[in-house]
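Encoded as structure tokens, the structure appears first; notes follow it.
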Amino acid sequence: MKNLVKIVSFLIVVFASSCQKQSVWNVKDFGALDDNKTVNTQAIQKAVDACSKAGGGTVLVDGGTFVSGTILLKDNVNFKITENTVLLGSINPNDYPVVDPFIDATGQFRGQCFIGAIDVHNVSITGKGTINGQGEMFTPGNVKKTIKKLGLTIIKPDFSSIISKDSKYVNNNIRYSNRPFLVRLVRATQVKMKDIHLRQPAAWTLHLFQCDEFEIDGIDIHSHANRNNDAIDIDSSTHGVIKNATIDSGDDAICFKSTSPKPSSDIEVYDCKISSHWGAIKFGTESMGDYKNITVRDCFIHDTRGGGIKMLSVDGANIDNVLIENITMKNVEMPIFVRLGERGLTYRGVAKKPVGSINNVTIRNIKAYVSDLPKLRLTPTSGFFFTGTPNHKIGSIKFENIEVSLPGGGTAEDAKIVVPENETEYPEFTKLGATPAYGVYARHIDKLETKNIKFVLRSEDKRKEIVLVDVN
């Protein structure tokens, strides 16, 4: 009888164990090798597919260096890369098929990515490991070397069907870029990224397009391998949080954009440390859909050449109810630049929108140190530069509790500068040129409120502190 009880107990344990739901899918169990040379695209994708098909769980990437091409995440998958593990992008351009293609404002054909997710629910990328796109290998010269070395013929997609005849692409030059994004999430809901290290994409680092309910927490980005190395692009996406991010990018760091008429809205950014060779916090330039109910707070911006905070509506976006507060800037160029323009580009074949608006913007508790003159692209520079157009004014903007240290250097001739309107041109302060004010140059604004604003000059500047043109 005792033996029978033992047998029954054993069978119960075996049966219970066999009924436990699998929660982790290790890519090595599907044949992936972490030898820094085997291209593991199929093995890793099989692990992702199996995990999602079983109802979801964690796909574990754990070991040395795994090389791969495009991986597409699926519903209910947590893609986890452990600390000291590297997921390395293949250098073969044909390992990155096109998914959900579009043409950006510069006329570059986009759609390739390393890690992607299209029309999925409940996906995450976690762990303290690294995703490295080897973006330096996707410069035109290096791609040619790779093609020759591997004996390849590049597979170029036909993107003629997505070219809008009415679009005015920058330079009217449409071209195949052959540079995959690092992580690209399209029409995904309930997205989370936690602690991951993102390195060296060939183009944008993290692109969220028409996503809803996202959380980006504690990620670390270094992106200087190629051109257009944006760090985080929030594109027509809603209901999200970006927090505790550390960013060093060659192009815009945290960029709200809208390459579709859908808005980017209800988003909070806080406790981020940001450096950029272009813009640290940016709204636009691609700006068809609205930007509404957005807060950026408690961030440190440093060593940034292209502007600390840039707010641009030039393709029809209505910017409304934006709060930017508690920002410290060190060694930046042009702390705050706001531009309402009439460029009117379109994307994804949709109709051109009427000129947008900028309204109900509050910027407060800002302390900024502008870089010394030799490090600036535009000299002399200014603290704030705000401009609408003669026919389309900026609405209500409020500034309070702001202190800016400036290098000075403006001459008596600089004080006579007449700033061009350039309503339809690319909205960059370097293209508009220097202003006749070292502190605030503001133009075409319905309501500008200022309180407790202080500008400190480190050398003589013969321009006025404040110049207002067509401002109430």
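Letters A, B, ... go to the chains of the structure tokens in the order shown; residues in each chain start at 1; ligands are counted from 1 in the same order.
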
### Task
May I have the residues within 12 Å of A:Phe300 as a ChimeraX atom specification, using only C-alpha atoms and disregarding those fewer than 6 positions away in the same chain?
/A:244-247,269-276,280-281,308-309,325-332,366-369

Can I get the selection written as a JSON list (two decimals), in the first residue's frame, with N, CA and C atoms?
[["chain", "number", "residue", "atom", "x", "y", "z"],
["A", 244, "ASN", "N", 13.78, 58.71, -16.76],
["A", 244, "ASN", "CA", 15.07, 58.16, -16.34],
["A", 244, "ASN", "C", 15.94, 57.73, -17.52],
["A", 245, "ALA", "N", 15.78, 58.37, -18.67],
["A", 245, "ALA", "CA", 16.58, 58.02, -19.85],
["A", 245, "ALA", "C", 17.90, 58.80, -19.85],
["A", 246, "THR", "N", 18.96, 58.13, -20.30],
["A", 246, "THR", "CA", 20.25, 58.77, -20.52],
["A", 246, "THR", "C", 20.54, 58.71, -22.01],
["A", 247, "ILE", "N", 20.71, 59.89, -22.63],
["A", 247, "ILE", "CA", 20.78, 59.97, -24.09],
["A", 247, "ILE", "C", 21.98, 60.78, -24.54],
["A", 269, "VAL", "N", 7.43, 63.50, -19.97],
["A", 269, "VAL", "CA", 8.86, 63.22, -20.00],
["A", 269, "VAL", "C", 9.48, 63.81, -18.75],
["A", 270, "TYR", "N", 10.24, 62.99, -18.00],
["A", 270, "TYR", "CA", 10.87, 63.54, -16.80],
["A", 270, "TYR", "C", 12.10, 62.74, -16.37],
["A", 271, "ASP", "N", 12.95, 63.43, -15.61],
["A", 271, "ASP", "CA", 14.16, 62.83, -15.03],
["A", 271, "ASP", "C", 15.06, 62.21, -16.09],
["A", 272, "CYS", "N", 15.29, 62.95, -17.16],
["A", 272, "CYS", "CA", 16.16, 62.47, -18.24],
["A", 272, "CYS", "C", 17.43, 63.31, -18.32],
["A", 273, "LYS", "N", 18.52, 62.67, -18.71],
["A", 273, "LYS", "CA", 19.80, 63.34, -18.92],
["A", 273, "LYS", "C", 20.11, 63.27, -20.41],
["A", 274, "ILE", "N", 20.25, 64.44, -21.06],
["A", 274, "ILE", "CA", 20.23, 64.49, -22.52],
["A", 274, "ILE", "C", 21.39, 65.30, -23.08],
["A", 275, "SER", "N", 22.06, 64.71, -24.08],
["A", 275, "SER", "CA", 23.05, 65.43, -24.87],
["A", 275, "SER", "C", 22.77, 65.15, -26.34],
["A", 276, "SER", "N", 22.96, 66.16, -27.20],
["A", 276, "SER", "CA", 22.64, 65.98, -28.61],
["A", 276, "SER", "C", 23.49, 66.91, -29.47],
["A", 280, "ALA", "N", 17.80, 68.88, -28.20],
["A", 280, "ALA", "CA", 17.60, 67.99, -27.05],
["A", 280, "ALA", "C", 16.13, 67.59, -26.91],
["A", 281, "ILE", "N", 15.25, 68.56, -26.72],
["A", 281, "ILE", "CA", 13.81, 68.31, -26.68],
["A", 281, "ILE", "C", 13.21, 69.04, -27.87],
["A", 308, "GLY", "N", 18.29, 73.70, -27.08],
["A", 308, "GLY", "CA", 17.83, 72.96, -25.91],
["A", 308, "GLY", "C", 16.40, 72.49, -26.06],
["A", 309, "ILE", "N", 15.49, 73.45, -26.27],
["A", 309, "ILE", "CA", 14.06, 73.15, -26.47],
["A", 309, "ILE", "C", 13.63, 73.81, -27.77],
["A", 325, "GLU", "N", 9.05, 72.52, -17.61],
["A", 325, "GLU", "CA", 9.46, 73.13, -16.35],
["A", 325, "GLU", "C", 10.62, 72.38, -15.70],
["A", 326, "ASN", "N", 11.35, 73.12, -14.89],
["A", 326, "ASN", "CA", 12.45, 72.56, -14.09],
["A", 326, "ASN", "C", 13.50, 71.91, -14.98],
["A", 327, "ILE", "N", 14.05, 72.71, -15.88],
["A", 327, "ILE", "CA", 15.06, 72.22, -16.82],
["A", 327, "ILE", "C", 16.37, 72.98, -16.58],
["A", 328, "THR", "N", 17.45, 72.23, -16.45],
["A", 328, "THR", "CA", 18.78, 72.82, -16.36],
["A", 328, "THR", "C", 19.55, 72.51, -17.64],
["A", 329, "MET", "N", 20.17, 73.53, -18.23],
["A", 329, "MET", "CA", 20.94, 73.37, -19.45],
["A", 329, "MET", "C", 22.37, 73.86, -19.23],
["A", 330, "LYS", "N", 23.34, 73.07, -19.68],
["A", 330, "LYS", "CA", 24.74, 73.45, -19.58],
["A", 330, "LYS", "C", 25.43, 73.23, -20.91],
["A", 331, "ASN", "N", 26.04, 74.29, -21.43],
["A", 331, "ASN", "CA", 26.71, 74.23, -22.74],
["A", 331, "ASN", "C", 25.74, 73.84, -23.85],
["A", 332, "VAL", "N", 24.76, 74.72, -24.07],
["A", 332, "VAL", "CA", 23.79, 74.50, -25.14],
["A", 332, "VAL", "C", 23.82, 75.69, -26.09],
["A", 366, "ILE", "N", 13.64, 77.59, -15.60],
["A", 366, "ILE", "CA", 14.70, 77.18, -16.53],
["A", 366, "ILE", "C", 16.00, 77.89, -16.15],
["A", 367, "LYS", "N", 17.08, 77.13, -16.07],
["A", 367, "LYS", "CA", 18.40, 77.72, -15.87],
["A", 367, "LYS", "C", 19.31, 77.20, -16.96],
["A", 368, "ALA", "N", 19.86, 78.12, -17.78],
["A", 368, "ALA", "CA", 20.62, 77.70, -18.96],
["A", 368, "ALA", "C", 21.95, 78.43, -19.04],
["A", 369, "TYR", "N", 22.98, 77.69, -19.41],
["A", 369, "TYR", "CA", 24.30, 78.25, -19.69],
["A", 369, "TYR", "C", 24.60, 77.98, -21.15]]

### DSSP-assigned strand (DSSP E) among stretch 246-460 of chain A, expressed as a PyMOL selection string
chain A and resi 246-249+254-258+264-270+273-276+281-287+291-304+309-313+318-332+336-340+357-370+384-387+394-406+437-457

### Query
Using only C-alpha atoms, which residues sit within 10 Å of stretch 161-163 of chain A once same-chain residues fewer than 6 positions away are excluded, as a PyMOL selection string?
chain A and resi 101-103+107+109+169+174+347-349

Save out the residues we just selected, C-alpha atoms, as an mmCIF file, in the first residue's frame.
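Heads up, here's the output in part35.cif:
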data_model
loop_
_atom_site.group_PDB
_atom_site.id
_atom_site.type_symbol
_atom_site.label_atom_id
_atom_site.label_comp_id
_atom_site.auth_asym_id
_atom_site.auth_seq_id
_atom_site.Cartn_x
_atom_site.Cartn_y
_atom_site.Cartn_z
ATOM 1 C CA PRO A 101 7.301 51.767 -45.438
ATOM 2 C CA PHE A 102 7.055 55.556 -45.600
ATOM 3 C CA ILE A 103 9.002 58.519 -46.968
ATOM 4 C CA GLY A 107 12.688 62.314 -49.135
ATOM 5 C CA PHE A 109 12.576 55.902 -48.093
ATOM 6 C CA TYR A 169 10.009 66.588 -50.064
ATOM 7 C CA ILE A 174 13.431 60.889 -53.180
ATOM 8 C CA TYR A 347 3.338 62.262 -45.622
ATOM 9 C CA ARG A 348 1.854 58.865 -46.401
ATOM 10 C CA GLY A 349 -0.258 60.186 -49.262
#

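Within 7 Å of A:Phe399, once only C-alpha atoms are used and residues closer than 2 positions along the same chain are dropped, the contacting residues are A:Thr362, A:Ile363, A:Arg364, A:Ile397, A:Glu449, A:Thr450, A:Lys451.
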
### Residue neighbourhood A:Leu60, 7 Å, only C-alpha atoms, exclusion window fewer than 5 positions, as a PyMOL selection string
chain A and resi 24-27+79-81

Can I get the selected residues back with N, CA and C atoms, as a tab-separated table (two decimals), in the first residue's frame?
chain	number	residue	atom	x	y	z
A	24	VAL	N	9.36	30.94	-20.18
A	24	VAL	CA	10.59	31.46	-20.76
A	24	VAL	C	10.97	30.63	-21.99
A	25	TRP	N	11.29	31.33	-23.07
A	25	TRP	CA	11.76	30.69	-24.30
A	25	TRP	C	13.17	31.20	-24.56
A	26	ASN	N	14.16	30.36	-24.33
A	26	ASN	CA	15.55	30.73	-24.52
A	26	ASN	C	15.90	30.56	-25.99
A	27	VAL	N	16.45	31.60	-26.61
A	27	VAL	CA	16.74	31.54	-28.04
A	27	VAL	C	17.75	30.45	-28.37
A	79	PHE	N	10.76	40.67	-24.63
A	79	PHE	CA	12.05	40.35	-25.27
A	79	PHE	C	13.14	40.82	-24.32
A	80	LYS	N	13.80	39.89	-23.63
A	80	LYS	CA	14.74	40.23	-22.57
A	80	LYS	C	16.16	39.88	-22.97
A	81	ILE	N	17.02	40.89	-22.90
A	81	ILE	CA	18.44	40.71	-23.19
A	81	ILE	C	19.19	40.94	-21.88

### Message
With only C-alpha atoms as the counted atoms, please give the residues lying no more than 6 Å from A:Ser265, apart from itself and same-chain residues fewer than 4 positions off, as a ChimeraX atom specification.
### Response
/A:238,291-293

Quick one: write out the picked residues with N, CA and C atoms as a compact mmCIF listing (two decimals), in the first residue's frame?
# COMPACT_ATOMS: atom_id res chain seq x y z
N THR A 238 0.39 58.20 -28.44
CA THR A 238 -0.39 58.79 -27.36
C THR A 238 -0.25 58.01 -26.06
N TYR A 291 0.13 68.23 -31.42
CA TYR A 291 0.86 67.91 -30.19
C TYR A 291 0.07 68.54 -29.04
N LYS A 292 -0.51 67.70 -28.19
CA LYS A 292 -1.38 68.23 -27.14
C LYS A 292 -1.14 67.51 -25.81
N ASN A 293 -1.30 68.28 -24.73
CA ASN A 293 -1.24 67.73 -23.37
C ASN A 293 0.09 67.00 -23.13

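Atom CA of A:Asp217 lies 26.9 Å from atom CA of A:Gln22.
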
### Task
Excluding A:Phe385 and residues on its chain fewer than 2 positions from it, collect all residues at most 8 Å away from it, counting only C-alpha atoms, and give them as an NGL selection string.
:A and (334 or 336-338 or 382-383 or 387 or 429 or 440-442)

### Message
So the first atom is atom CA of A:Ser405 and the second is atom CA of A:Gly279; what is the distance between them in Å, to one decimal place?
### Response
18.7 Å

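Taking atom CA of A:Asn132 as the reference point, atom CA of A:Ala231 is found at 13.2 Å.
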
### Query
Which one of A:Ile358, A:Glu413, A:Pro93, A:Ala105 sits closest to A:Met137 if you count only C-alpha atoms?
A:Pro93

### Query
Among stretch 141-258 of chain A, which ones does DSSP place in helix (DSSP H, G or I), written as a list in words?
Gly141, Asn142, Val143, Lys144, Lys145, Thr146, Ile147, Lys148, Lys149, Leu150, Ser160, Ser161, Ile162, Val170, Asn171 and Asn172 of chain A

Those selected residues, please, written with N, CA and C atoms and delivered as a PDB file, in the first residue's frame.
ATOM      1  N   GLY A 141      29.698  54.194 -48.371  1.00  0.00           N
ATOM      2  CA  GLY A 141      30.976  53.575 -48.675  1.00  0.00           C
ATOM      3  C   GLY A 141      31.114  52.188 -48.081  1.00  0.00           C
ATOM      4  N   ASN A 142      30.692  52.023 -46.824  1.00  0.00           N
ATOM      5  CA  ASN A 142      30.821  50.719 -46.177  1.00  0.00           C
ATOM      6  C   ASN A 142      29.836  49.700 -46.739  1.00  0.00           C
ATOM      7  N   VAL A 143      28.653  50.156 -47.166  1.00  0.00           N
ATOM      8  CA  VAL A 143      27.709  49.228 -47.801  1.00  0.00           C
ATOM      9  C   VAL A 143      28.304  48.677 -49.095  1.00  0.00           C
ATOM     10  N   LYS A 144      28.962  49.538 -49.857  1.00  0.00           N
ATOM     11  CA  LYS A 144      29.599  49.071 -51.096  1.00  0.00           C
ATOM     12  C   LYS A 144      30.668  48.028 -50.799  1.00  0.00           C
ATOM     13  N   LYS A 145      31.445  48.244 -49.741  1.00  0.00           N
ATOM     14  CA  LYS A 145      32.478  47.285 -49.352  1.00  0.00           C
ATOM     15  C   LYS A 145      31.857  45.948 -48.944  1.00  0.00           C
ATOM     16  N   THR A 146      30.733  46.014 -48.202  1.00  0.00           N
ATOM     17  CA  THR A 146      30.059  44.794 -47.763  1.00  0.00           C
ATOM     18  C   THR A 146      29.508  44.014 -48.945  1.00  0.00           C
ATOM     19  N   ILE A 147      28.888  44.717 -49.874  1.00  0.00           N
ATOM     20  CA  ILE A 147      28.336  44.070 -51.067  1.00  0.00           C
ATOM     21  C   ILE A 147      29.433  43.323 -51.832  1.00  0.00           C
ATOM     22  N   LYS A 148      30.564  43.985 -51.987  1.00  0.00           N
ATOM     23  CA  LYS A 148      31.683  43.378 -52.716  1.00  0.00           C
ATOM     24  C   LYS A 148      32.244  42.181 -51.950  1.00  0.00           C
ATOM     25  N   LYS A 149      32.395  42.332 -50.636  1.00  0.00           N
ATOM     26  CA  LYS A 149      32.977  41.269 -49.819  1.00  0.00           C
ATOM     27  C   LYS A 149      32.091  40.034 -49.781  1.00  0.00           C
ATOM     28  N   LEU A 150      30.782  40.222 -49.665  1.00  0.00           N
ATOM     29  CA  LEU A 150      29.860  39.094 -49.540  1.00  0.00           C
ATOM     30  C   LEU A 150      29.309  38.633 -50.889  1.00  0.00           C
ATOM     31  N   SER A 160       7.385  53.107 -55.288  1.00  0.00           N
ATOM     32  CA  SER A 160       6.729  54.118 -56.117  1.00  0.00           C
ATOM     33  C   SER A 160       5.293  54.366 -55.685  1.00  0.00           C
ATOM     34  N   SER A 161       4.640  53.339 -55.126  1.00  0.00           N
ATOM     35  CA  SER A 161       3.227  53.469 -54.766  1.00  0.00           C
ATOM     36  C   SER A 161       3.007  54.372 -53.561  1.00  0.00           C
ATOM     37  N   ILE A 162       4.055  54.637 -52.773  1.00  0.00           N
ATOM     38  CA  ILE A 162       3.857  55.471 -51.585  1.00  0.00           C
ATOM     39  C   ILE A 162       4.373  56.895 -51.789  1.00  0.00           C
ATOM     40  N   VAL A 170      11.932  67.581 -49.014  1.00  0.00           N
ATOM     41  CA  VAL A 170      13.096  68.457 -48.941  1.00  0.00           C
ATOM     42  C   VAL A 170      14.025  68.166 -50.120  1.00  0.00           C
ATOM     43  N   ASN A 171      14.365  69.193 -50.841  1.00  0.00           N
ATOM     44  CA  ASN A 171      15.204  69.110 -52.048  1.00  0.00           C
ATOM     45  C   ASN A 171      14.531  68.360 -53.200  1.00  0.00           C
ATOM     46  N   ASN A 172      13.270  67.932 -53.018  1.00  0.00           N
ATOM     47  CA  ASN A 172      12.554  67.162 -54.044  1.00  0.00           C
ATOM     48  C   ASN A 172      13.380  65.973 -54.546  1.00  0.00           C
TER      49      ASN A 172
END

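Among A:Ser23, A:Gln112, A:Thr38, A:Leu88, the residue with the shortest atom-to-atom distance to A:Val59, counting only C-alpha atoms, is A:Ser23.
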